Structures are given as C-alpha cells and as structure tokens.
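Below: query_39.pdb (PDB, C-alpha atoms)
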ATOM      1  CA  MET A   1       0.000   0.000   0.000
ATOM      2  CA  ALA A   2       1.245   3.436  -0.786
ATOM      3  CA  ARG A   3      -0.054   6.825   0.236
ATOM      4  CA  ALA A   4      -0.021   9.959  -1.815
ATOM      5  CA  ARG A   5      -1.006  13.478  -0.874
ATOM      6  CA  ILE A   6      -2.184  15.743  -3.654
ATOM      7  CA  VAL A   7      -2.236  19.463  -2.916
ATOM      8  CA  ILE A   8      -4.383  21.471  -5.327
ATOM      9  CA  ARG A   9      -4.102  25.239  -5.539
ATOM     10  CA  ASN A  10      -5.485  27.914  -7.826
ATOM     11  CA  LYS A  11      -2.805  28.957 -10.309
ATOM     12  CA  THR A  12      -0.882  32.078  -9.308
ATOM     13  CA  GLY A  13      -2.559  35.067 -10.786
ATOM     14  CA  VAL A  14      -5.903  33.274 -10.886
ATOM     15  CA  PHE A  15      -8.664  34.757  -8.726
ATOM     16  CA  ASP A  16      -8.632  33.034  -5.306
ATOM     17  CA  PRO A  17     -11.951  33.973  -3.739
ATOM     18  CA  GLU A  18     -11.615  31.766  -0.669
ATOM     19  CA  GLY A  19      -8.200  33.281  -0.009
ATOM     20  CA  LYS A  20      -9.699  36.734  -0.274
ATOM     21  CA  VAL A  21     -12.513  35.944   2.146
ATOM     22  CA  VAL A  22     -10.187  34.256   4.657
ATOM     23  CA  HIS A  23      -7.742  37.163   4.437
ATOM     24  CA  GLY A  24     -10.526  39.594   5.251
ATOM     25  CA  GLY A  25     -11.692  37.387   8.109
ATOM     26  CA  LEU A  26      -8.238  37.188   9.646
ATOM     27  CA  ALA A  27      -7.851  40.962   9.451
ATOM     28  CA  ARG A  28     -11.193  41.365  11.176
ATOM     29  CA  LEU A  29      -9.983  39.117  13.969
ATOM     30  CA  GLY A  30      -6.966  41.368  14.489
ATOM     31  CA  HIS A  31      -4.388  39.533  12.368
ATOM     32  CA  ASP A  32      -3.679  42.544  10.221
ATOM     33  CA  ASN A  33      -0.092  41.646   9.358
ATOM     34  CA  VAL A  34      -1.135  38.851   6.991
ATOM     35  CA  GLN A  35       0.046  39.783   3.506
ATOM     36  CA  GLU A  36      -1.597  37.116   1.468
ATOM     37  CA  VAL A  37      -3.861  34.099   1.859
ATOM     38  CA  ARG A  38      -4.366  31.385  -0.720
ATOM     39  CA  VAL A  39      -6.639  28.457   0.000
ATOM     40  CA  GLY A  40      -6.182  25.057  -1.598
ATOM     41  CA  LYS A  41      -7.404  21.501  -1.312
ATOM     42  CA  VAL A  42      -5.727  18.349  -0.022
ATOM     43  CA  ILE A  43      -6.640  14.910  -1.326
ATOM     44  CA  ASP A  44      -5.039  11.923   0.388
ATOM     45  CA  LEU A  45      -5.040   8.671  -1.543
ATOM     46  CA  THR A  46      -4.222   5.197  -0.334
ATOM     47  CA  VAL A  47      -3.325   3.154  -3.409
ATOM     48  CA  ASP A  48      -2.747  -0.545  -3.838
ATOM     49  CA  SER A  49       0.445  -0.294  -5.828
ATOM     50  CA  SER A  50       3.968  -1.595  -5.464
ATOM     51  CA  ASP A  51       5.530   0.254  -8.373
ATOM     52  CA  ALA A  52       6.327   3.874  -7.569
ATOM     53  CA  GLU A  53       6.753   4.887 -11.247
ATOM     54  CA  VAL A  54       3.453   3.341 -12.266
ATOM     55  CA  MET A  55       1.644   4.896  -9.335
ATOM     56  CA  ARG A  56       3.123   8.316 -10.042
ATOM     57  CA  ALA A  57       1.899   8.132 -13.632
ATOM     58  CA  GLN A  58      -1.495   6.878 -12.503
ATOM     59  CA  ILE A  59      -1.924   9.720 -10.041
ATOM     60  CA  ASP A  60      -0.919  12.257 -12.670
ATOM     61  CA  ARG A  61      -3.643  10.832 -14.886
ATOM     62  CA  MET A  62      -6.191  11.006 -12.042
ATOM     63  CA  CYS A  63      -5.299  14.652 -11.596
ATOM     64  CA  ARG A  64      -5.432  15.513 -15.290
ATOM     65  CA  GLU A  65      -8.729  13.683 -15.892
ATOM     66  CA  PHE A  66     -10.687  14.421 -12.762
ATOM     67  CA  LEU A  67      -9.186  15.750  -9.556
ATOM     68  CA  VAL A  68      -7.734  18.977 -10.976
ATOM     69  CA  ASN A  69      -9.134  21.566 -13.367
ATOM     70  CA  PRO A  70      -6.077  22.411 -15.494
ATOM     71  CA  VAL A  71      -7.586  25.718 -16.606
ATOM     72  CA  MET A  72      -7.481  27.170 -13.101
ATOM     73  CA  GLU A  73      -5.546  24.816 -10.832
ATOM     74  CA  ASP A  74      -2.025  23.514 -10.260
ATOM     75  CA  TYR A  75      -1.154  20.505  -8.156
ATOM     76  CA  SER A  76       1.748  18.809  -6.422
ATOM     77  CA  VAL A  77       2.040  15.213  -5.253
ATOM     78  CA  GLU A  78       3.896  13.885  -2.224
ATOM     79  CA  PHE A  79       4.397  10.187  -1.601
ATOM     80  CA  PHE A  80       4.571   8.458   1.763
ATOM     81  CA  ASP A  81       5.673   4.896   2.207
ATOM     82  CA  GLU A  82       3.522   2.665   4.335
TER      83      GLU A  82
ATOM     84  CA  MET B   1     -39.414  16.816 -31.719
ATOM     85  CA  LYS B   2     -38.177  15.016 -28.647
ATOM     86  CA  PHE B   3     -36.168  16.418 -25.756
ATOM     87  CA  ALA B   4     -34.306  14.701 -22.922
ATOM     88  CA  VAL B   5     -33.747  16.615 -19.687
ATOM     89  CA  VAL B   6     -30.872  15.058 -17.775
ATOM     90  CA  VAL B   7     -31.371  14.803 -14.019
ATOM     91  CA  PHE B   8     -28.391  14.556 -11.672
ATOM     92  CA  PRO B   9     -28.709  14.167  -7.910
ATOM     93  CA  GLY B  10     -28.957  17.821  -6.900
ATOM     94  CA  SER B  11     -30.378  19.147 -10.167
ATOM     95  CA  ASN B  12     -33.265  21.458  -9.280
ATOM     96  CA  CYS B  13     -34.291  23.152 -12.524
ATOM     97  CA  ASP B  14     -35.177  19.995 -14.402
ATOM     98  CA  ARG B  15     -38.901  20.293 -13.765
ATOM     99  CA  ASP B  16     -38.993  23.912 -14.927
ATOM    100  CA  CYS B  17     -37.269  22.848 -18.159
ATOM    101  CA  GLU B  18     -39.671  19.916 -18.567
ATOM    102  CA  HIS B  19     -42.650  22.210 -17.945
ATOM    103  CA  VAL B  20     -41.601  24.788 -20.530
ATOM    104  CA  LEU B  21     -40.803  22.192 -23.175
ATOM    105  CA  SER B  22     -43.872  20.096 -22.548
ATOM    106  CA  ASN B  23     -46.593  22.579 -21.597
ATOM    107  CA  VAL B  24     -45.474  25.820 -23.213
ATOM    108  CA  VAL B  25     -43.652  24.656 -26.338
ATOM    109  CA  GLY B  26     -45.707  21.480 -26.686
ATOM    110  CA  ALA B  27     -42.772  19.169 -27.360
ATOM    111  CA  SER B  28     -42.298  15.597 -26.245
ATOM    112  CA  VAL B  29     -39.993  15.399 -23.213
ATOM    113  CA  VAL B  30     -38.363  12.556 -21.304
ATOM    114  CA  THR B  31     -36.017  12.683 -18.352
ATOM    115  CA  ALA B  32     -32.669  10.913 -18.433
ATOM    116  CA  TRP B  33     -31.294   9.843 -15.060
ATOM    117  CA  HIS B  34     -27.567  10.398 -14.410
ATOM    118  CA  GLY B  35     -27.033   6.723 -13.651
ATOM    119  CA  ASP B  36     -28.451   5.479 -16.947
ATOM    120  CA  ARG B  37     -25.829   4.679 -19.535
ATOM    121  CA  ASP B  38     -28.082   5.045 -22.559
ATOM    122  CA  LEU B  39     -29.682   8.242 -23.716
ATOM    123  CA  PRO B  40     -33.169   7.765 -25.196
ATOM    124  CA  ALA B  41     -33.493   8.578 -28.905
ATOM    125  CA  VAL B  42     -34.022  12.348 -28.805
ATOM    126  CA  ASP B  43     -33.341  15.418 -30.904
ATOM    127  CA  CYS B  44     -32.066  17.661 -28.120
ATOM    128  CA  VAL B  45     -30.541  17.246 -24.671
ATOM    129  CA  VAL B  46     -31.020  19.757 -21.859
ATOM    130  CA  LEU B  47     -28.632  19.901 -18.894
ATOM    131  CA  PRO B  48     -30.589  21.853 -16.276
ATOM    132  CA  GLY B  49     -29.487  24.083 -13.424
ATOM    133  CA  GLY B  50     -29.007  23.129  -9.800
ATOM    134  CA  PHE B  51     -26.265  21.780  -7.581
ATOM    135  CA  SER B  52     -25.461  18.423  -9.125
ATOM    136  CA  TYR B  53     -23.552  16.239  -6.678
ATOM    137  CA  GLY B  54     -23.553  19.115  -4.233
ATOM    138  CA  ASP B  55     -20.931  20.926  -6.350
ATOM    139  CA  TYR B  56     -18.435  18.537  -4.732
ATOM    140  CA  LEU B  57     -14.829  18.785  -5.955
ATOM    141  CA  ARG B  58     -15.858  21.586  -8.362
ATOM    142  CA  ALA B  59     -19.257  22.601  -9.717
ATOM    143  CA  GLY B  60     -20.059  20.178 -12.527
ATOM    144  CA  ALA B  61     -16.930  18.069 -11.956
ATOM    145  CA  ILE B  62     -18.579  14.897 -10.685
ATOM    146  CA  ALA B  63     -21.202  14.971 -13.450
ATOM    147  CA  LYS B  64     -18.331  14.425 -15.881
ATOM    148  CA  ILE B  65     -18.056  10.828 -14.782
ATOM    149  CA  SER B  66     -21.757   9.964 -14.565
ATOM    150  CA  PRO B  67     -22.743   7.168 -16.975
ATOM    151  CA  ILE B  68     -25.249   9.357 -18.856
ATOM    152  CA  MET B  69     -22.614  11.959 -19.774
ATOM    153  CA  GLU B  70     -20.737   9.482 -21.976
ATOM    154  CA  SER B  71     -23.862   9.184 -24.107
ATOM    155  CA  VAL B  72     -24.496  12.917 -23.992
ATOM    156  CA  ALA B  73     -20.903  13.593 -25.110
ATOM    157  CA  ALA B  74     -21.257  11.093 -27.970
ATOM    158  CA  PHE B  75     -24.585  12.701 -28.943
ATOM    159  CA  ALA B  76     -22.934  16.136 -28.956
ATOM    160  CA  ARG B  77     -19.980  14.880 -31.027
ATOM    161  CA  ARG B  78     -22.457  13.497 -33.583
ATOM    162  CA  GLY B  79     -23.888  17.007 -33.912
ATOM    163  CA  GLY B  80     -26.848  16.616 -31.556
ATOM    164  CA  ALA B  81     -28.211  19.825 -30.022
ATOM    165  CA  VAL B  82     -27.286  20.259 -26.365
ATOM    166  CA  ILE B  83     -28.077  23.182 -24.087
ATOM    167  CA  GLY B  84     -26.531  23.511 -20.616
ATOM    168  CA  ILE B  85     -28.164  26.056 -18.306
ATOM    169  CA  CYS B  86     -26.275  27.332 -15.247
ATOM    170  CA  ASN B  87     -25.033  24.114 -13.548
ATOM    171  CA  GLY B  88     -25.589  22.489 -16.949
ATOM    172  CA  PHE B  89     -23.119  24.990 -18.430
ATOM    173  CA  GLN B  90     -20.653  24.110 -15.650
ATOM    174  CA  VAL B  91     -21.065  20.409 -16.509
ATOM    175  CA  LEU B  92     -20.385  21.082 -20.204
ATOM    176  CA  LEU B  93     -17.217  23.003 -19.279
ATOM    177  CA  GLU B  94     -15.961  20.266 -16.958
ATOM    178  CA  CYS B  95     -16.682  17.636 -19.621
ATOM    179  CA  GLY B  96     -14.678  19.581 -22.165
ATOM    180  CA  LEU B  97     -17.698  19.944 -24.453
ATOM    181  CA  LEU B  98     -17.293  23.704 -24.136
ATOM    182  CA  PRO B  99     -14.017  25.621 -23.648
ATOM    183  CA  GLY B 100     -13.123  27.548 -20.498
ATOM    184  CA  ALA B 101     -13.904  27.179 -16.812
ATOM    185  CA  MET B 102     -16.104  28.743 -14.144
ATOM    186  CA  HIS B 103     -14.902  30.733 -11.160
ATOM    187  CA  ARG B 104     -16.738  32.007  -8.119
ATOM    188  CA  ASN B 105     -18.450  35.346  -8.761
ATOM    189  CA  ARG B 106     -16.073  38.242  -8.296
ATOM    190  CA  SER B 107     -18.282  39.690  -5.524
ATOM    191  CA  LEU B 108     -18.061  36.301  -3.779
ATOM    192  CA  ARG B 109     -21.840  36.446  -3.386
ATOM    193  CA  PHE B 110     -24.605  34.245  -4.732
ATOM    194  CA  ILE B 111     -26.473  36.552  -7.106
ATOM    195  CA  CYS B 112     -30.148  36.105  -7.797
ATOM    196  CA  LYS B 113     -31.647  38.789 -10.044
ATOM    197  CA  ASP B 114     -32.708  39.711 -13.554
ATOM    198  CA  THR B 115     -29.957  40.642 -15.969
ATOM    199  CA  PHE B 116     -29.919  41.788 -19.564
ATOM    200  CA  VAL B 117     -27.940  39.770 -22.072
ATOM    201  CA  ARG B 118     -27.130  40.795 -25.604
ATOM    202  CA  CYS B 119     -27.120  38.150 -28.311
ATOM    203  CA  ALA B 120     -23.675  38.377 -29.909
ATOM    204  CA  SER B 121     -24.324  35.622 -32.424
ATOM    205  CA  SER B 122     -27.477  33.714 -33.309
ATOM    206  CA  ARG B 123     -25.717  30.789 -34.978
ATOM    207  CA  THR B 124     -26.891  28.019 -32.620
ATOM    208  CA  PRO B 125     -30.212  26.181 -33.188
ATOM    209  CA  PHE B 126     -31.367  27.627 -29.823
ATOM    210  CA  THR B 127     -30.758  31.226 -30.863
ATOM    211  CA  SER B 128     -31.958  30.988 -34.445
ATOM    212  CA  GLN B 129     -35.022  33.159 -33.758
ATOM    213  CA  LEU B 130     -32.798  35.930 -32.404
ATOM    214  CA  SER B 131     -30.627  38.407 -34.256
ATOM    215  CA  PRO B 132     -27.240  39.718 -33.127
ATOM    216  CA  GLY B 133     -27.946  42.772 -31.015
ATOM    217  CA  ASP B 134     -31.200  41.440 -29.541
ATOM    218  CA  VAL B 135     -31.417  41.949 -25.799
ATOM    219  CA  LEU B 136     -33.124  39.480 -23.477
ATOM    220  CA  ARG B 137     -34.035  40.039 -19.841
ATOM    221  CA  LEU B 138     -33.237  36.769 -18.080
ATOM    222  CA  PRO B 139     -32.829  35.855 -14.417
ATOM    223  CA  ILE B 140     -29.559  34.573 -13.036
ATOM    224  CA  ALA B 141     -29.089  32.646  -9.800
ATOM    225  CA  HIS B 142     -25.516  31.541  -9.223
ATOM    226  CA  ALA B 143     -22.412  31.798  -7.079
ATOM    227  CA  GLU B 144     -20.038  30.416  -9.713
ATOM    228  CA  GLY B 145     -20.818  32.221 -12.963
ATOM    229  CA  ASN B 146     -17.528  34.023 -13.441
ATOM    230  CA  TYR B 147     -16.605  32.488 -16.807
ATOM    231  CA  PHE B 148     -12.884  32.306 -17.400
ATOM    232  CA  ILE B 149     -10.838  31.520 -20.463
ATOM    233  CA  ALA B 150      -7.200  32.303 -21.307
ATOM    234  CA  GLU B 151      -6.426  35.233 -23.638
ATOM    235  CA  THR B 152      -5.376  33.089 -26.596
ATOM    236  CA  GLU B 153      -8.461  30.914 -26.317
ATOM    237  CA  LEU B 154     -10.694  33.974 -25.945
ATOM    238  CA  LYS B 155      -9.377  35.177 -29.291
ATOM    239  CA  SER B 156     -10.287  31.797 -30.722
ATOM    240  CA  LEU B 157     -13.837  32.139 -29.335
ATOM    241  CA  GLN B 158     -14.124  35.542 -30.986
ATOM    242  CA  ASP B 159     -12.703  34.361 -34.317
ATOM    243  CA  ASN B 160     -14.974  31.313 -34.408
ATOM    244  CA  GLU B 161     -18.109  33.194 -33.380
ATOM    245  CA  GLN B 162     -18.557  31.120 -30.242
ATOM    246  CA  ILE B 163     -19.607  33.944 -27.934
ATOM    247  CA  ILE B 164     -23.387  33.832 -27.929
ATOM    248  CA  PHE B 165     -24.485  36.005 -24.991
ATOM    249  CA  GLN B 166     -22.866  38.873 -23.117
ATOM    250  CA  TYR B 167     -24.126  40.820 -20.111
ATOM    251  CA  ALA B 168     -25.378  44.210 -21.241
ATOM    252  CA  SER B 169     -27.561  47.178 -20.408
ATOM    253  CA  GLN B 170     -31.241  47.181 -21.317
ATOM    254  CA  SER B 171     -30.321  48.974 -24.521
ATOM    255  CA  GLY B 172     -27.716  46.372 -25.426
ATOM    256  CA  GLU B 173     -24.468  48.041 -24.385
ATOM    257  CA  VAL B 174     -22.078  45.335 -23.285
ATOM    258  CA  GLY B 175     -19.885  46.378 -20.377
ATOM    259  CA  ALA B 176     -18.367  45.458 -17.047
ATOM    260  CA  GLU B 177     -20.879  47.671 -15.226
ATOM    261  CA  HIS B 178     -23.653  45.368 -16.459
ATOM    262  CA  ASN B 179     -21.732  42.190 -15.674
ATOM    263  CA  PRO B 180     -22.924  40.706 -12.385
ATOM    264  CA  ASN B 181     -20.135  38.164 -11.864
ATOM    265  CA  GLY B 182     -16.905  39.448 -13.423
ATOM    266  CA  SER B 183     -16.821  36.972 -16.325
ATOM    267  CA  VAL B 184     -14.152  37.459 -18.955
ATOM    268  CA  TYR B 185     -15.332  39.682 -21.827
ATOM    269  CA  ASN B 186     -18.707  39.887 -20.038
ATOM    270  CA  ILE B 187     -19.546  36.447 -21.380
ATOM    271  CA  ALA B 188     -22.887  34.939 -20.319
ATOM    272  CA  GLY B 189     -23.025  32.085 -22.824
ATOM    273  CA  VAL B 190     -20.812  30.321 -25.367
ATOM    274  CA  CYS B 191     -21.130  27.549 -27.917
ATOM    275  CA  ASN B 192     -18.684  24.985 -29.272
ATOM    276  CA  THR B 193     -16.930  25.465 -32.615
ATOM    277  CA  GLU B 194     -19.634  23.502 -34.467
ATOM    278  CA  GLY B 195     -22.418  25.548 -32.851
ATOM    279  CA  ASN B 196     -24.565  22.605 -31.684
ATOM    280  CA  VAL B 197     -23.698  22.853 -27.973
ATOM    281  CA  LEU B 198     -24.700  25.985 -26.048
ATOM    282  CA  GLY B 199     -23.923  26.819 -22.443
ATOM    283  CA  MET B 200     -25.393  29.820 -20.658
ATOM    284  CA  MET B 201     -25.556  31.019 -17.070
ATOM    285  CA  PRO B 202     -28.955  32.810 -17.149
ATOM    286  CA  HIS B 203     -32.160  30.757 -16.846
ATOM    287  CA  PRO B 204     -34.379  31.021 -19.938
ATOM    288  CA  GLU B 205     -36.735  28.398 -18.480
ATOM    289  CA  ARG B 206     -37.643  30.884 -15.719
ATOM    290  CA  ALA B 207     -38.652  33.494 -18.287
ATOM    291  CA  ALA B 208     -40.780  31.575 -20.742
ATOM    292  CA  GLU B 209     -44.363  32.443 -19.787
ATOM    293  CA  SER B 210     -46.410  35.651 -19.576
ATOM    294  CA  ILE B 211     -47.787  34.563 -16.221
ATOM    295  CA  LEU B 212     -44.270  34.897 -14.822
ATOM    296  CA  GLY B 213     -44.000  38.400 -16.262
ATOM    297  CA  ASN B 214     -41.258  37.546 -18.722
ATOM    298  CA  ARG B 215     -41.291  35.536 -21.950
ATOM    299  CA  ASP B 216     -37.836  36.567 -23.194
ATOM    300  CA  GLY B 217     -36.437  33.067 -22.686
ATOM    301  CA  LEU B 218     -39.152  31.255 -24.627
ATOM    302  CA  SER B 219     -37.581  31.670 -28.060
ATOM    303  CA  LEU B 220     -34.540  29.626 -27.000
ATOM    304  CA  PHE B 221     -36.764  26.578 -26.575
ATOM    305  CA  ALA B 222     -39.209  27.387 -29.372
ATOM    306  CA  ALA B 223     -36.379  27.925 -31.861
ATOM    307  CA  ILE B 224     -34.852  24.503 -31.317
ATOM    308  CA  ALA B 225     -38.267  22.835 -31.326
ATOM    309  CA  GLU B 226     -39.133  24.455 -34.635
ATOM    310  CA  SER B 227     -35.732  23.940 -36.239
ATOM    311  CA  LEU B 228     -35.751  20.167 -35.921
TER     312      LEU B 228
END
Could you rewrite the structure in this file as structure tokens?
Amino acid sequence: MARARIVIRNKTGVFDPEGKVVHGGLARLGHDNVQEVRVGKVIDLTVDSSDAEVMRAQIDRMCREFLVNPVMEDYSVEFFDE
Amino acid sequence: MKFAVVVFPGSNCDRDCEHVLSNVVGASVVTAWHGDRDLPAVDCVVLPGGFSYGDYLRAGAIAKISPIMESVAAFARRGGAVIGICNGFQVLLECGLLPGAMHRNRSLRFICKDTFVRCASSRTPFTSQLSPGDVLRLPIAHAEGNYFIAETELKSLQDNEQIIFQYASQSGEVGAEHNPNGSVYNIAGVCNTEGNVLGMMPHPERAAESILGNRDGLSLFAAIAESL
C-alpha cells in the first residue's frame, strides 16, 4: 500500500476567492499583518500499488482527468511509504 | 421533436425545463437519469441548473463521470443539439464539451436577479429566432458564474463566433458595469466550434411564460423545437 497526498491550488494570478474571504476574516480578527492568503485543497489517496513509477503516472492521470481543473488549478504530489 | 432533460442528484431546474418544453412549447420530453448509460433517442438534450452532486470537488466536476454523460458527449460529437443552463453549463465546461472554466463570482456572493444579455451571435439552433444585437431580460441565480478563459483561447472564441451572450444594459451596451459576476469579456453564454452545444448562465426556463411576467427566454426553446 502506498499513500499519496495531492495538494491542489489555484494557479498564481488566478482569482482566489476563498483566499480573499479568509484574508478579510483574519484581518477582522486582528491579524492585520497577513500579507496574502491562498486556499487550496488536499486529497489523500491510499493506493494498492507496489511500483512507484506506475503509481506516479497513474496519479498524474487522475489529476489531469478528474481531480484537478487544469484551466485554473495547479497541483503537487507527495508520496509516503507505508 | 423530442427532448431529454438530464437529471443529476442535486439538479433542481429539471422540472422547470420539462414544464416549458412540454406545456409551453408542446414538445415531447423525457427525463434521463444520471445513472443510466443510454440516452433515449431524442433530438435535443437539456442539462438543467441546480447543484449536481452538491458541487463537490468543483461545480459540474462529478457529473463528468456519470454514466449518462458518456452518451451525452457522444450525442454532442455526432452534432446533436445540447443546451446547458447554469449548472448544466458548468457540466459542459468540466466535460470539455465547451471551452473555459467557471470561477466564483467576483463579488463572492450568490447573485439572484434579472440581468440583460445581448445576443452576440445567433448561430446556434437555440438562438436561431434571435438576431445579433437582440437583448433578453433573463434571471440569473448563481455563485459560480464568473466564466474564465485564457487570452489566446478567448481570441479563438471571438474568431470562431462562439460567444453567444454577453451581459449588457437594457439597450444592449455590453460592459463590465452590467456584468454581475466578473466573467471574462462579459460572457454569459458560449457555444462549441460547431455551434450545436450551447452553455449559458442565465435561466431562460424561468422566463418563458407571460404569467411569470417575462417571456424573453421562450424563443430559446421554441427555436430549437421548430428547427428540428
């Protein structure tokens, strides 16, 4: 079994509405030294796979086809051994 | 003249679409459930508004992998007429049947009000009773209607006459001040290169009867019914 963590973020320069709202909220709570907030998504996968290369390629395909919208989002993948 | 209205879990405008097509336009309508693989033999497919799959992952994203969408995509590729309204437009974008993507409204608010849209091109079977320059008053009700497309692809939309509706004033002046959600180029609706698939954020099915005080949306359904 292998675990992968996919972190999905809006592309830099792309409108990040959640980041904007959270930034405003933090300022309202007194944290007015926060320069920037960007909010993303984390997807943790547990995959039945023994081949790291194959799994990497499979996860890239999952991201391209479904988990990530390539028009607006970027992603990174981290692998953890189990 | 037969229509199929696709119903996803969370769709909530399917009955309004069915009502307009069946009772106002007088066409034959069936519903197509998201879990069915086969689309009935129809002339036009309607993807209605709502919150399919709770907008999980991204609005319209999960619909992409529903069994019915394979058939709808094949139908569209064969030249079949498809209209996606609001969430339906989001589904078409996520499925790659229309170019671009949908952001949250620039104001970050859910906006529910009448807008004016100017018909930029009437080349789809749904807009064939309109002329470029015609202005329709149509209601919108969305939080993610901020249509986005990259510069180079926007140029392609313009060159290929794929921009069908833009937010405008009552007299038809397109501009950011009339754009409720911040969409690129004030776009409210686009079609594919072939012109058989239309996606639009406003709800024509909510403006198709005099009793509701607005019939501006009726021609979009009547035009397709009469063209086939």
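Of note, atom CA of A:Phe66 and atom CA of B:Glu94 are spaced 8.9 Å apart.
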When the PyMOL selection byres ((chain A) within 8 of (chain B)) is applied to the structure above, which residues does it catch, written out as a PyMOL selection string? chain A and resi 15+17+66-67+69+71-72
Residues as selected, C-alpha atoms, written as a short mmCIF file (atom, residue, chain, number, x, y, z; two decimals), keeping the file's coordinate frame, can you do that?
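Written output follows (part_6.cif):
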data_model
loop_
_atom_site.label_atom_id
_atom_site.label_comp_id
_atom_site.auth_asym_id
_atom_site.auth_seq_id
_atom_site.Cartn_x
_atom_site.Cartn_y
_atom_site.Cartn_z
CA PHE A 15 -8.66 34.76 -8.73
CA PRO A 17 -11.95 33.97 -3.74
CA PHE A 66 -10.69 14.42 -12.76
CA LEU A 67 -9.19 15.75 -9.56
CA ASN A 69 -9.13 21.57 -13.37
CA VAL A 71 -7.59 25.72 -16.61
CA MET A 72 -7.48 27.17 -13.10
#
Please put the answer as lines of an AutoDock Vina configuration file: centre and edge lengths, in Å with one decimal, of a box along x, y and z that encloses all listed atoms of stretch 1-15 of chain A plus 8 Å on each side.
center_x = -3.7
center_y = 17.5
center_z = -5.3
size_x = 25.9
size_y = 51.1
size_z = 27.1
Tell me, as an MDAnalysis selection string, which residues lie within 10 Å of B:Gln170, counting all atoms listed in the file; anything in the same chain fewer than 5 positions away does not count. chainID B and resid 115:118 135:137 178
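Atom CA of B:Leu138 is positioned 11.0 Å from atom CA of B:Gly213.
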What's around B:Asp16 at 10 Å? Count all atoms listed in the file, leave out sequence neighbours fewer than 2 positions away in its own chain, and write the answer as a PyMOL selection string. chain B and resi 12-14+18-22+48-49+203-206+208
Residue IDs satisfying the PyMOL selection byres ((chain A and resi 3) around 9), as a ChimeraX atom specification: /A:1-2,4-5,44-48,78-82
Dump C-alpha atoms for the selected residues as a PDB file, keeping the file's coordinate frame?
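Result saved to result_3.pdb:
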ATOM      1  CA  MET A   1       0.000   0.000   0.000  1.00  0.00           C
ATOM      2  CA  ALA A   2       1.245   3.436  -0.786  1.00  0.00           C
ATOM      3  CA  ALA A   4      -0.021   9.959  -1.815  1.00  0.00           C
ATOM      4  CA  ARG A   5      -1.006  13.478  -0.874  1.00  0.00           C
ATOM      5  CA  ASP A  44      -5.039  11.923   0.388  1.00  0.00           C
ATOM      6  CA  LEU A  45      -5.040   8.671  -1.543  1.00  0.00           C
ATOM      7  CA  THR A  46      -4.222   5.197  -0.334  1.00  0.00           C
ATOM      8  CA  VAL A  47      -3.325   3.154  -3.409  1.00  0.00           C
ATOM      9  CA  ASP A  48      -2.747  -0.545  -3.838  1.00  0.00           C
ATOM     10  CA  GLU A  78       3.896  13.885  -2.224  1.00  0.00           C
ATOM     11  CA  PHE A  79       4.397  10.187  -1.601  1.00  0.00           C
ATOM     12  CA  PHE A  80       4.571   8.458   1.763  1.00  0.00           C
ATOM     13  CA  ASP A  81       5.673   4.896   2.207  1.00  0.00           C
ATOM     14  CA  GLU A  82       3.522   2.665   4.335  1.00  0.00           C
TER      15      GLU A  82
END
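Between atom CA of B:Val184 and atom CA of B:Gly10 lies a distance of 27.4 Å.
For B:Gly175, the set of protein, DNA and RNA residues having any atom at most 12 Å away, when counting all atoms listed in the file and skipping those fewer than 6 positions along the same chain, is Phe116, Val117, Arg118, Gln166, Tyr167, Ala168, Ser169, Asn181, Gly182, Ser183, Val184, Tyr185, Asn186, Ile187 and Ala188 of chain B.
Selection by the PyMOL selection byres ((chain B and resi 83) around 7) on the present file picks out Val45, Val46, Leu47, Ala81, Val82, Gly84, Ile85, Val197, Leu198 and Gly199 of chain B.
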